[in-house]
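Data block for query15.pdb (PDB, C-alpha atoms, pLDDT in the B column):
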```pdb
ATOM      1  CA  MET T   1     -33.965   2.367 -20.886  1.00 94.00           C
ATOM      2  CA  LYS T   2     -35.195   2.276 -17.318  1.00 96.00           C
ATOM      3  CA  ILE T   3     -35.626  -0.973 -15.395  1.00 95.00           C
ATOM      4  CA  GLY T   4     -37.129  -1.384 -11.959  1.00 95.00           C
ATOM      5  CA  THR T   5     -39.477   0.577  -9.753  1.00 95.00           C
ATOM      6  CA  LYS T   6     -39.520   4.205  -8.666  1.00 95.00           C
ATOM      7  CA  GLU T   7     -37.530   3.294  -5.525  1.00 97.00           C
ATOM      8  CA  GLU T   8     -35.126   0.764  -7.098  1.00 97.00           C
ATOM      9  CA  HIS T   9     -34.045   1.140 -10.696  1.00 97.00           C
ATOM     10  CA  ILE T  10     -31.272   1.557 -13.206  1.00 97.00           C
ATOM     11  CA  GLU T  11     -31.451   3.835 -16.207  1.00 97.00           C
ATOM     12  CA  ILE T  12     -29.023   3.615 -19.134  1.00 97.00           C
ATOM     13  CA  GLU T  13     -28.955   6.238 -21.891  1.00 97.00           C
ATOM     14  CA  GLU T  14     -26.681   6.422 -24.939  1.00 97.00           C
ATOM     15  CA  LEU T  15     -24.692   9.663 -25.151  1.00 98.00           C
ATOM     16  CA  GLU T  16     -22.041   9.060 -27.805  1.00 96.00           C
ATOM     17  CA  ARG T  17     -20.918   6.335 -30.200  1.00 96.00           C
ATOM     18  CA  ASN T  18     -17.539   5.869 -31.867  1.00 95.00           C
ATOM     19  CA  PRO T  19     -18.254   6.005 -35.628  1.00 93.00           C
ATOM     20  CA  GLU T  20     -17.371   3.315 -38.159  1.00 92.00           C
ATOM     21  CA  GLY T  21     -13.818   3.615 -39.397  1.00 92.00           C
ATOM     22  CA  SER T  22     -12.558   5.088 -36.134  1.00 92.00           C
ATOM     23  CA  PRO T  23     -10.525   3.269 -33.511  1.00 89.00           C
ATOM     24  CA  CYS T  24     -12.876   1.341 -31.208  1.00 92.00           C
ATOM     25  CA  ALA T  25     -15.760   1.701 -33.695  1.00 95.00           C
ATOM     26  CA  GLY T  26     -19.104   0.838 -32.124  1.00 96.00           C
ATOM     27  CA  ASP T  27     -18.046   1.506 -28.544  1.00 97.00           C
ATOM     28  CA  VAL T  28     -20.676   3.550 -26.704  1.00 98.00           C
ATOM     29  CA  ASN T  29     -20.549   6.198 -23.978  1.00 98.00           C
ATOM     30  CA  VAL T  30     -23.603   5.883 -21.732  1.00 98.00           C
ATOM     31  CA  SER T  31     -25.071   7.693 -18.794  1.00 98.00           C
ATOM     32  CA  VAL T  32     -26.002   5.400 -15.915  1.00 98.00           C
ATOM     33  CA  ALA T  33     -28.383   6.432 -13.145  1.00 97.00           C
ATOM     34  CA  LEU T  34     -28.912   4.083 -10.220  1.00 97.00           C
ATOM     35  CA  ALA T  35     -31.448   4.344  -7.393  1.00 98.00           C
ATOM     36  CA  LEU T  36     -31.436   1.902  -4.488  1.00 98.00           C
ATOM     37  CA  GLN T  37     -34.152   3.195  -2.165  1.00 96.00           C
ATOM     38  CA  ALA T  38     -32.634   6.152  -0.249  1.00 96.00           C
ATOM     39  CA  PHE T  39     -29.310   5.950  -2.114  1.00 97.00           C
ATOM     40  CA  SER T  40     -28.822   7.147  -5.676  1.00 97.00           C
ATOM     41  CA  GLY T  41     -26.131   8.258  -8.063  1.00 95.00           C
ATOM     42  CA  SER T  42     -25.355   8.788 -11.718  1.00 95.00           C
ATOM     43  CA  TYR T  43     -22.355   8.938 -13.992  1.00 95.00           C
ATOM     44  CA  ASP T  44     -22.203  10.076 -17.609  1.00 95.00           C
ATOM     45  CA  GLY T  45     -18.707   8.818 -18.417  1.00 93.00           C
ATOM     46  CA  VAL T  46     -19.271   5.050 -18.718  1.00 97.00           C
ATOM     47  CA  TRP T  47     -17.846   3.480 -21.881  1.00 97.00           C
ATOM     48  CA  LEU T  48     -19.008   0.052 -23.074  1.00 98.00           C
ATOM     49  CA  GLU T  49     -17.076  -1.890 -25.713  1.00 97.00           C
ATOM     50  CA  LEU T  50     -18.942  -3.310 -28.713  1.00 97.00           C
ATOM     51  CA  PRO T  51     -17.588  -6.889 -28.279  1.00 97.00           C
ATOM     52  CA  GLU T  52     -18.534  -6.795 -24.583  1.00 97.00           C
ATOM     53  CA  MET T  53     -22.087  -5.711 -25.440  1.00 98.00           C
ATOM     54  CA  GLU T  54     -22.401  -8.445 -28.085  1.00 98.00           C
ATOM     55  CA  ARG T  55     -21.206 -11.075 -25.593  1.00 98.00           C
ATOM     56  CA  PHE T  56     -23.689  -9.747 -23.010  1.00 98.00           C
ATOM     57  CA  ILE T  57     -26.577 -10.009 -25.505  1.00 98.00           C
ATOM     58  CA  ALA T  58     -25.651 -13.657 -26.170  1.00 98.00           C
ATOM     59  CA  GLU T  59     -25.611 -14.352 -22.405  1.00 98.00           C
ATOM     60  CA  LEU T  60     -28.997 -12.631 -22.040  1.00 98.00           C
ATOM     61  CA  LYS T  61     -30.497 -14.819 -24.780  1.00 98.00           C
ATOM     62  CA  THR T  62     -29.257 -17.956 -23.005  1.00 97.00           C
ATOM     63  CA  LEU T  63     -30.592 -16.676 -19.684  1.00 97.00           C
ATOM     64  CA  ASP T  64     -33.955 -15.940 -21.291  1.00 96.00           C
ATOM     65  CA  LYS T  65     -34.228 -19.504 -22.616  1.00 95.00           C
ATOM     66  CA  LYS T  66     -33.022 -21.335 -19.502  1.00 93.00           C
ATOM     67  CA  ARG T  67     -34.123 -18.923 -16.747  1.00 92.00           C
ATOM     68  CA  ASN T  68     -31.072 -20.155 -14.883  1.00 93.00           C
ATOM     69  CA  GLY T  69     -27.601 -18.616 -14.642  1.00 95.00           C
ATOM     70  CA  SER T  70     -26.517 -15.033 -15.202  1.00 97.00           C
ATOM     71  CA  ALA T  71     -25.458 -12.370 -17.694  1.00 98.00           C
ATOM     72  CA  LYS T  72     -22.932  -9.697 -16.784  1.00 98.00           C
ATOM     73  CA  ILE T  73     -21.416  -6.641 -18.453  1.00 98.00           C
ATOM     74  CA  SER T  74     -18.682  -4.291 -17.244  1.00 98.00           C
ATOM     75  CA  SER T  75     -17.347  -0.955 -18.424  1.00 98.00           C
ATOM     76  CA  MET T  76     -14.029  -0.443 -20.198  1.00 96.00           C
ATOM     77  CA  SER T  77     -12.566   1.157 -17.087  1.00 93.00           C
ATOM     78  CA  PRO T  78     -12.267  -1.493 -14.403  1.00 86.00           C
ATOM     79  CA  ASP T  79     -14.767  -1.252 -11.528  1.00 89.00           C
ATOM     80  CA  GLU T  80     -16.425   1.880 -12.957  1.00 96.00           C
ATOM     81  CA  PHE T  81     -19.648   0.066 -13.838  1.00 98.00           C
ATOM     82  CA  SER T  82     -20.842  -3.507 -13.641  1.00 98.00           C
ATOM     83  CA  PHE T  83     -24.309  -4.884 -14.222  1.00 98.00           C
ATOM     84  CA  GLU T  84     -25.455  -8.452 -13.642  1.00 98.00           C
ATOM     85  CA  ILE T  85     -28.858 -10.072 -13.979  1.00 98.00           C
ATOM     86  CA  ARG T  86     -29.176 -13.582 -12.578  1.00 98.00           C
ATOM     87  CA  SER T  87     -31.659 -16.167 -11.445  1.00 96.00           C
ATOM     88  CA  SER T  88     -32.238 -16.019  -7.709  1.00 94.00           C
ATOM     89  CA  ASP T  89     -33.887 -19.424  -7.294  1.00 90.00           C
ATOM     90  CA  SER T  90     -34.913 -22.561  -9.180  1.00 83.00           C
ATOM     91  CA  LEU T  91     -38.315 -21.032 -10.012  1.00 85.00           C
ATOM     92  CA  GLY T  92     -36.841 -18.496 -12.465  1.00 83.00           C
ATOM     93  CA  HIS T  93     -37.085 -15.378 -10.302  1.00 91.00           C
ATOM     94  CA  MET T  94     -34.512 -12.741 -11.275  1.00 97.00           C
ATOM     95  CA  GLU T  95     -32.385 -10.195  -9.485  1.00 98.00           C
ATOM     96  CA  ILE T  96     -30.117  -7.399 -10.655  1.00 98.00           C
ATOM     97  CA  GLU T  97     -26.845  -6.350  -9.048  1.00 98.00           C
ATOM     98  CA  VAL T  98     -25.193  -3.077 -10.082  1.00 98.00           C
ATOM     99  CA  GLN T  99     -22.025  -1.224  -9.143  1.00 97.00           C
ATOM    100  CA  LEU T 100     -21.338   2.371 -10.103  1.00 97.00           C
ATOM    101  CA  HIS T 101     -17.998   3.975  -9.213  1.00 96.00           C
ATOM    102  CA  ARG T 102     -16.476   7.353  -9.862  1.00 93.00           C
ATOM    103  CA  TYR T 103     -14.168   9.876  -8.225  1.00 90.00           C
ATOM    104  CA  GLN T 104     -15.039  13.121  -6.492  1.00 90.00           C
ATOM    105  CA  TYR T 105     -12.256  15.682  -6.691  1.00 91.00           C
ATOM    106  CA  SER T 106     -11.968  17.913  -3.635  1.00 91.00           C
ATOM    107  CA  GLY T 107      -8.961  20.169  -3.324  1.00 89.00           C
ATOM    108  CA  PRO T 108      -5.760  18.227  -3.892  1.00 91.00           C
ATOM    109  CA  LYS T 109      -7.459  14.837  -3.301  1.00 93.00           C
ATOM    110  CA  TYR T 110      -9.822  12.666  -5.188  1.00 91.00           C
ATOM    111  CA  TRP T 111     -12.195  10.446  -3.267  1.00 94.00           C
ATOM    112  CA  PRO T 112     -13.639   7.197  -4.564  1.00 94.00           C
ATOM    113  CA  ILE T 113     -17.422   6.967  -4.449  1.00 94.00           C
ATOM    114  CA  TYR T 114     -19.202   3.637  -4.812  1.00 96.00           C
ATOM    115  CA  LEU T 115     -22.855   2.772  -5.110  1.00 97.00           C
ATOM    116  CA  LYS T 116     -23.444  -0.956  -5.150  1.00 97.00           C
ATOM    117  CA  GLY T 117     -26.546  -2.992  -4.546  1.00 97.00           C
ATOM    118  CA  GLY T 118     -29.373  -4.807  -6.186  1.00 97.00           C
ATOM    119  CA  PHE T 119     -33.063  -5.473  -6.486  1.00 98.00           C
ATOM    120  CA  GLU T 120     -35.495  -8.128  -7.654  1.00 96.00           C
ATOM    121  CA  THR T 121     -36.934  -7.962 -11.145  1.00 96.00           C
ATOM    122  CA  GLN T 122     -39.317  -9.854 -13.396  1.00 93.00           C
ATOM    123  CA  PRO T 123     -38.103 -12.415 -15.982  1.00 93.00           C
ATOM    124  CA  GLU T 124     -39.501 -10.142 -18.727  1.00 94.00           C
ATOM    125  CA  THR T 125     -36.689  -7.733 -17.904  1.00 96.00           C
ATOM    126  CA  ILE T 126     -34.308 -10.003 -19.802  1.00 97.00           C
ATOM    127  CA  ARG T 127     -36.069  -9.245 -23.092  1.00 96.00           C
ATOM    128  CA  GLN T 128     -36.049  -5.507 -22.299  1.00 96.00           C
ATOM    129  CA  LEU T 129     -32.291  -5.711 -21.799  1.00 97.00           C
ATOM    130  CA  ILE T 130     -31.809  -7.600 -25.067  1.00 98.00           C
ATOM    131  CA  SER T 131     -33.699  -4.858 -26.948  1.00 97.00           C
ATOM    132  CA  CYS T 132     -31.809  -2.074 -25.178  1.00 96.00           C
ATOM    133  CA  PHE T 133     -28.366  -3.519 -25.823  1.00 97.00           C
ATOM    134  CA  LYS T 134     -29.190  -4.430 -29.426  1.00 97.00           C
ATOM    135  CA  ALA T 135     -30.071  -0.745 -29.932  1.00 96.00           C
ATOM    136  CA  LEU T 136     -26.713   0.221 -28.430  1.00 96.00           C
ATOM    137  CA  THR T 137     -24.868  -2.082 -30.851  1.00 95.00           C
ATOM    138  CA  ASN T 138     -26.648  -0.864 -34.030  1.00 89.00           C
TER     139      ASN T 138
END
```
Here is the file; what I need is its structure written in the form of structure tokens.
Amino acid sequence: MKIGTKEEHIEIEELERNPEGSPCAGDVNVSVALALQAFSGSYDGVWLELPEMERFIAELKTLDKKRNGSAKISSMSPDEFSFEIRSSDSLGHMEIEVQLHRYQYSGPKYWPIYLKGGFETQPETIRQLISCFKALTN
């Protein structure tokens, strides 16, 4: 799933799913690519928990009906990935805020790298997100 424009977008792709009967069944490993104009980054080690995705879908459905408020999801590892879609005004315009974080290992040190920002989006994006995350939970 890719949302946004060529210059500002997020792309989420399923890589691996914990099978039924295993610990953490239904949890999904995704690749996240983020472009914010001249800045971009990607990470293929983001894990999303099934209950967190189900809660996010419920928030998205409420946001789609009311066009007011927000829906947010975060990765299992704190601060590694967060995604929020929210209304930006009383007219129902939407915006997305994303944070992607990972470490770069260089010699004996590891350096934190953050890419955080956002962009405006259309209200129809909410339904795209519902479809995408339903696919990740099935």
Residues of range 19-79 of chain T that approach range 5-10 of chain T to 6 Å or less, counting all atoms listed in the file: could you list each one with the shortest pair of atoms and its distance in Å to one decimal, rows by chain and increasing residue number, as a tab-separated table?
```
residue	atom	partner	partner_atom	distance
T:Ala33	CA	T:Ile10	CA	5.7
T:Leu34	CA	T:Ile10	CA	4.6
T:Ala35	CA	T:Glu8	CA	5.1
T:Leu36	CA	T:Glu8	CA	4.7
T:Gln37	CA	T:Glu7	CA	4.8
```
Ile73 in chain T surroundings by all atoms listed in the file, 8 Å radius, close-in-sequence under 5 positions cut, as a list of chain:residue names | T:Glu52, T:Met53, T:Phe56, T:Ser82, T:Phe83, T:Glu84
So that I have them on file, write out the residues from the current selection with C-alpha atoms, as a PDB file, in the frame of the given file.
```pdb
ATOM      1  CA  GLU T  52     -18.534  -6.795 -24.583  1.00 97.00           C
ATOM      2  CA  MET T  53     -22.087  -5.711 -25.440  1.00 98.00           C
ATOM      3  CA  PHE T  56     -23.689  -9.747 -23.010  1.00 98.00           C
ATOM      4  CA  SER T  82     -20.842  -3.507 -13.641  1.00 98.00           C
ATOM      5  CA  PHE T  83     -24.309  -4.884 -14.222  1.00 98.00           C
ATOM      6  CA  GLU T  84     -25.455  -8.452 -13.642  1.00 98.00           C
TER       7      GLU T  84
END
```
Which residues fall under the PyMOL selection byres ((chain T and resi 74) around 12) in this file, as a CSV table (one decimal) with C-alpha atoms, keeping the file's coordinate frame?
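File produced: out10.csv:
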```
chain,number,residue,atom,x,y,z
T,46,VAL,CA,-19.3,5.0,-18.7
T,47,TRP,CA,-17.8,3.5,-21.9
T,48,LEU,CA,-19.0,0.1,-23.1
T,49,GLU,CA,-17.1,-1.9,-25.7
T,50,LEU,CA,-18.9,-3.3,-28.7
T,51,PRO,CA,-17.6,-6.9,-28.3
T,52,GLU,CA,-18.5,-6.8,-24.6
T,53,MET,CA,-22.1,-5.7,-25.4
T,55,ARG,CA,-21.2,-11.1,-25.6
T,56,PHE,CA,-23.7,-9.7,-23.0
T,71,ALA,CA,-25.5,-12.4,-17.7
T,72,LYS,CA,-22.9,-9.7,-16.8
T,73,ILE,CA,-21.4,-6.6,-18.5
T,75,SER,CA,-17.3,-1.0,-18.4
T,76,MET,CA,-14.0,-0.4,-20.2
T,77,SER,CA,-12.6,1.2,-17.1
T,78,PRO,CA,-12.3,-1.5,-14.4
T,79,ASP,CA,-14.8,-1.3,-11.5
T,80,GLU,CA,-16.4,1.9,-13.0
T,81,PHE,CA,-19.6,0.1,-13.8
T,82,SER,CA,-20.8,-3.5,-13.6
T,83,PHE,CA,-24.3,-4.9,-14.2
T,84,GLU,CA,-25.5,-8.5,-13.6
T,97,GLU,CA,-26.8,-6.4,-9.0
T,98,VAL,CA,-25.2,-3.1,-10.1
T,99,GLN,CA,-22.0,-1.2,-9.1
T,100,LEU,CA,-21.3,2.4,-10.1
T,101,HIS,CA,-18.0,4.0,-9.2
```
Could you write out as a ChimeraX atom specification the residues that the PyMOL selection byres ((chain T and resi 13) around 12) matches in the shown file?
-> /T:1-3,10-12,14-17,28-34,42-48,132-133,135-136
Output the residue selection produced by the PyMOL selection byres ((chain T and resi 123) around 12) on the file above, formatted as a VMD selection string.
-> chain T and resid 3 to 4 60 to 61 63 to 68 70 85 to 89 91 to 96 120 to 122 124 to 129
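Pairwise distance (CA of Gly69 in chain T, CA of Ile57 in chain T) equals 13.9 Å.
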Proximity to Ser40 in chain T - best of T:Gly117, T:Pro108, T:Thr137, T:Ile130, all atoms listed in the file = T:Gly117
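Counting from CA of Gly26 in chain T, the distance to CA of Glu59 in chain T is 19.2 Å.
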To one decimal in Å, tell me the separation between CA of Asn138 in chain T and CA of Asp27 in chain T.
-> 10.5 Å
Which centre and edge lengths in Å to one decimal define the box along x, y and z that fits every listed atom of range 45-60 of chain T plus 3 Å per side, as lines of an AutoDock Vina configuration file?
```
center_x = -23.0
center_y = -2.8
center_z = -23.6
size_x = 17.9
size_y = 29.2
size_z = 16.3
```
For C-alpha atoms, please extract range 12-137 of chain T from the block and return it as a PDB file, in the first residue's frame.
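Below is the file selection_0.pdb, written as the result:
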```pdb
ATOM      1  CA  ILE T  12       3.778  -0.340   3.829  1.00  0.00           C
ATOM      2  CA  GLU T  13       4.391  -3.886   2.591  1.00  0.00           C
ATOM      3  CA  GLU T  14       3.849  -7.173   4.435  1.00  0.00           C
ATOM      4  CA  LEU T  15       6.991  -9.313   4.672  1.00  0.00           C
ATOM      5  CA  GLU T  16       6.196 -12.010   7.227  1.00  0.00           C
ATOM      6  CA  ARG T  17       3.319 -13.144   9.431  1.00  0.00           C
ATOM      7  CA  ASN T  18       3.421 -15.246  12.591  1.00  0.00           C
ATOM      8  CA  PRO T  19       1.311 -18.344  11.798  1.00  0.00           C
ATOM      9  CA  GLU T  20      -1.703 -19.548  13.770  1.00  0.00           C
ATOM     10  CA  GLY T  21      -0.727 -21.667  16.737  1.00  0.00           C
ATOM     11  CA  SER T  22       2.567 -19.852  17.247  1.00  0.00           C
ATOM     12  CA  PRO T  23       3.317 -17.325  19.962  1.00  0.00           C
ATOM     13  CA  CYS T  24       2.114 -13.882  18.845  1.00  0.00           C
ATOM     14  CA  ALA T  25      -0.013 -15.423  16.065  1.00  0.00           C
ATOM     15  CA  GLY T  26      -1.165 -12.823  13.554  1.00  0.00           C
ATOM     16  CA  ASP T  27       1.598 -10.326  14.269  1.00  0.00           C
ATOM     17  CA  VAL T  28       3.083  -8.973  11.038  1.00  0.00           C
ATOM     18  CA  ASN T  29       6.558  -7.846   9.983  1.00  0.00           C
ATOM     19  CA  VAL T  30       6.284  -4.985   7.490  1.00  0.00           C
ATOM     20  CA  SER T  31       8.607  -2.889   5.423  1.00  0.00           C
ATOM     21  CA  VAL T  32       7.974   0.840   5.747  1.00  0.00           C
ATOM     22  CA  ALA T  33       9.261   3.375   3.233  1.00  0.00           C
ATOM     23  CA  LEU T  34       8.764   7.064   3.940  1.00  0.00           C
ATOM     24  CA  ALA T  35       9.431  10.031   1.651  1.00  0.00           C
ATOM     25  CA  LEU T  36       9.064  13.604   2.877  1.00  0.00           C
ATOM     26  CA  GLN T  37      10.190  15.728  -0.066  1.00  0.00           C
ATOM     27  CA  ALA T  38      14.025  15.660  -0.057  1.00  0.00           C
ATOM     28  CA  PHE T  39      14.206  13.286   2.925  1.00  0.00           C
ATOM     29  CA  SER T  40      13.478   9.574   2.705  1.00  0.00           C
ATOM     30  CA  GLY T  41      14.146   6.333   4.501  1.00  0.00           C
ATOM     31  CA  SER T  42      12.974   2.763   4.844  1.00  0.00           C
ATOM     32  CA  TYR T  43      13.085  -0.034   7.366  1.00  0.00           C
ATOM     33  CA  ASP T  44      12.154  -3.680   6.873  1.00  0.00           C
ATOM     34  CA  GLY T  45      12.138  -4.723  10.530  1.00  0.00           C
ATOM     35  CA  VAL T  46       8.885  -3.160  11.786  1.00  0.00           C
ATOM     36  CA  TRP T  47       6.611  -5.544  13.696  1.00  0.00           C
ATOM     37  CA  LEU T  48       2.927  -4.741  14.241  1.00  0.00           C
ATOM     38  CA  GLU T  49       0.837  -6.643  16.787  1.00  0.00           C
ATOM     39  CA  LEU T  50      -2.518  -8.098  15.725  1.00  0.00           C
ATOM     40  CA  PRO T  51      -4.503  -6.487  18.605  1.00  0.00           C
ATOM     41  CA  GLU T  52      -2.897  -3.115  17.822  1.00  0.00           C
ATOM     42  CA  MET T  53      -3.892  -3.406  14.153  1.00  0.00           C
ATOM     43  CA  GLU T  54      -7.465  -4.377  15.085  1.00  0.00           C
ATOM     44  CA  ARG T  55      -7.727  -1.383  17.436  1.00  0.00           C
ATOM     45  CA  PHE T  56      -6.351   0.887  14.688  1.00  0.00           C
ATOM     46  CA  ILE T  57      -8.958  -0.383  12.194  1.00  0.00           C
ATOM     47  CA  ALA T  58     -11.727   0.427  14.700  1.00  0.00           C
ATOM     48  CA  GLU T  59     -10.306   3.953  15.158  1.00  0.00           C
ATOM     49  CA  LEU T  60     -10.121   4.382  11.371  1.00  0.00           C
ATOM     50  CA  LYS T  61     -13.786   3.397  10.997  1.00  0.00           C
ATOM     51  CA  THR T  62     -14.788   5.989  13.605  1.00  0.00           C
ATOM     52  CA  LEU T  63     -12.621   8.615  11.914  1.00  0.00           C
ATOM     53  CA  ASP T  64     -14.194   7.785   8.557  1.00  0.00           C
ATOM     54  CA  LYS T  65     -17.705   8.305   9.947  1.00  0.00           C
ATOM     55  CA  LYS T  66     -17.033  11.474  11.949  1.00  0.00           C
ATOM     56  CA  ARG T  67     -14.202  13.050   9.921  1.00  0.00           C
ATOM     57  CA  ASN T  68     -12.996  14.401  13.241  1.00  0.00           C
ATOM     58  CA  GLY T  69     -10.346  13.020  15.595  1.00  0.00           C
ATOM     59  CA  SER T  70      -7.474  10.665  14.863  1.00  0.00           C
ATOM     60  CA  ALA T  71      -6.308   7.070  14.489  1.00  0.00           C
ATOM     61  CA  LYS T  72      -2.815   6.004  15.495  1.00  0.00           C
ATOM     62  CA  ILE T  73      -0.748   2.821  15.362  1.00  0.00           C
ATOM     63  CA  SER T  74       2.734   2.101  16.711  1.00  0.00           C
ATOM     64  CA  SER T  75       5.195  -0.740  16.301  1.00  0.00           C
ATOM     65  CA  MET T  76       5.965  -3.352  18.947  1.00  0.00           C
ATOM     66  CA  SER T  77       9.357  -1.777  19.572  1.00  0.00           C
ATOM     67  CA  PRO T  78       8.829   1.623  21.145  1.00  0.00           C
ATOM     68  CA  ASP T  79       9.519   4.632  18.898  1.00  0.00           C
ATOM     69  CA  GLU T  80      10.533   2.446  15.932  1.00  0.00           C
ATOM     70  CA  PHE T  81       7.439   3.336  13.909  1.00  0.00           C
ATOM     71  CA  SER T  82       4.345   5.404  14.530  1.00  0.00           C
ATOM     72  CA  PHE T  83       1.645   6.420  12.095  1.00  0.00           C
ATOM     73  CA  GLU T  84      -1.229   8.801  12.765  1.00  0.00           C
ATOM     74  CA  ILE T  85      -3.965  10.118  10.507  1.00  0.00           C
ATOM     75  CA  ARG T  86      -6.050  12.962  11.903  1.00  0.00           C
ATOM     76  CA  SER T  87      -8.409  15.729  10.947  1.00  0.00           C
ATOM     77  CA  SER T  88      -6.600  19.015  10.463  1.00  0.00           C
ATOM     78  CA  ASP T  89      -9.630  21.314  10.610  1.00  0.00           C
ATOM     79  CA  SER T  90     -13.397  21.358  11.120  1.00  0.00           C
ATOM     80  CA  LEU T  91     -13.980  20.851   7.378  1.00  0.00           C
ATOM     81  CA  GLY T  92     -12.730  17.238   7.431  1.00  0.00           C
ATOM     82  CA  HIS T  93      -9.330  17.770   5.814  1.00  0.00           C
ATOM     83  CA  MET T  94      -6.814  15.094   6.829  1.00  0.00           C
ATOM     84  CA  GLU T  95      -3.120  14.944   7.565  1.00  0.00           C
ATOM     85  CA  ILE T  96      -0.703  12.108   8.231  1.00  0.00           C
ATOM     86  CA  GLU T  97       2.199  12.167  10.674  1.00  0.00           C
ATOM     87  CA  VAL T  98       4.811   9.395  10.577  1.00  0.00           C
ATOM     88  CA  GLN T  99       7.943   8.552  12.534  1.00  0.00           C
ATOM     89  CA  LEU T 100      10.464   5.953  11.436  1.00  0.00           C
ATOM     90  CA  HIS T 101      13.448   5.134  13.660  1.00  0.00           C
ATOM     91  CA  ARG T 102      16.287   2.680  13.409  1.00  0.00           C
ATOM     92  CA  TYR T 103      19.955   2.361  14.311  1.00  0.00           C
ATOM     93  CA  GLN T 104      22.988   2.631  12.070  1.00  0.00           C
ATOM     94  CA  TYR T 105      25.925   0.597  13.326  1.00  0.00           C
ATOM     95  CA  SER T 106      29.314   2.151  12.617  1.00  0.00           C
ATOM     96  CA  GLY T 107      32.368   0.633  14.227  1.00  0.00           C
ATOM     97  CA  PRO T 108      31.838   0.175  17.949  1.00  0.00           C
ATOM     98  CA  LYS T 109      28.890   2.631  18.048  1.00  0.00           C
ATOM     99  CA  TYR T 110      25.341   2.593  16.925  1.00  0.00           C
ATOM    100  CA  TRP T 111      23.709   5.844  15.917  1.00  0.00           C
ATOM    101  CA  PRO T 112      19.997   6.552  16.126  1.00  0.00           C
ATOM    102  CA  ILE T 113      18.408   7.738  12.893  1.00  0.00           C
ATOM    103  CA  TYR T 114      14.985   9.370  12.868  1.00  0.00           C
ATOM    104  CA  LEU T 115      12.748  10.450  10.037  1.00  0.00           C
ATOM    105  CA  LYS T 116       9.650  12.226  11.258  1.00  0.00           C
ATOM    106  CA  GLY T 117       7.197  14.455   9.485  1.00  0.00           C
ATOM    107  CA  GLY T 118       3.866  14.593   7.793  1.00  0.00           C
ATOM    108  CA  PHE T 119       1.768  15.592   4.836  1.00  0.00           C
ATOM    109  CA  GLU T 120      -1.809  16.404   3.898  1.00  0.00           C
ATOM    110  CA  THR T 121      -4.038  13.712   2.458  1.00  0.00           C
ATOM    111  CA  GLN T 122      -7.569  13.244   1.179  1.00  0.00           C
ATOM    112  CA  PRO T 123     -10.384  11.849   3.382  1.00  0.00           C
ATOM    113  CA  GLU T 124     -10.603   8.850   1.012  1.00  0.00           C
ATOM    114  CA  THR T 125      -7.244   7.754   2.392  1.00  0.00           C
ATOM    115  CA  ILE T 126      -9.029   6.515   5.508  1.00  0.00           C
ATOM    116  CA  ARG T 127     -10.827   3.817   3.511  1.00  0.00           C
ATOM    117  CA  GLN T 128      -7.555   2.830   1.803  1.00  0.00           C
ATOM    118  CA  LEU T 129      -5.991   2.372   5.232  1.00  0.00           C
ATOM    119  CA  ILE T 130      -8.928   0.284   6.456  1.00  0.00           C
ATOM    120  CA  SER T 131      -8.535  -2.055   3.455  1.00  0.00           C
ATOM    121  CA  CYS T 132      -4.762  -2.267   3.869  1.00  0.00           C
ATOM    122  CA  PHE T 133      -4.858  -3.074   7.571  1.00  0.00           C
ATOM    123  CA  LYS T 134      -7.729  -5.543   7.175  1.00  0.00           C
ATOM    124  CA  ALA T 135      -5.516  -7.385   4.660  1.00  0.00           C
ATOM    125  CA  LEU T 136      -2.699  -7.400   7.215  1.00  0.00           C
ATOM    126  CA  THR T 137      -4.985  -8.933   9.859  1.00  0.00           C
TER     127      THR T 137
END
```
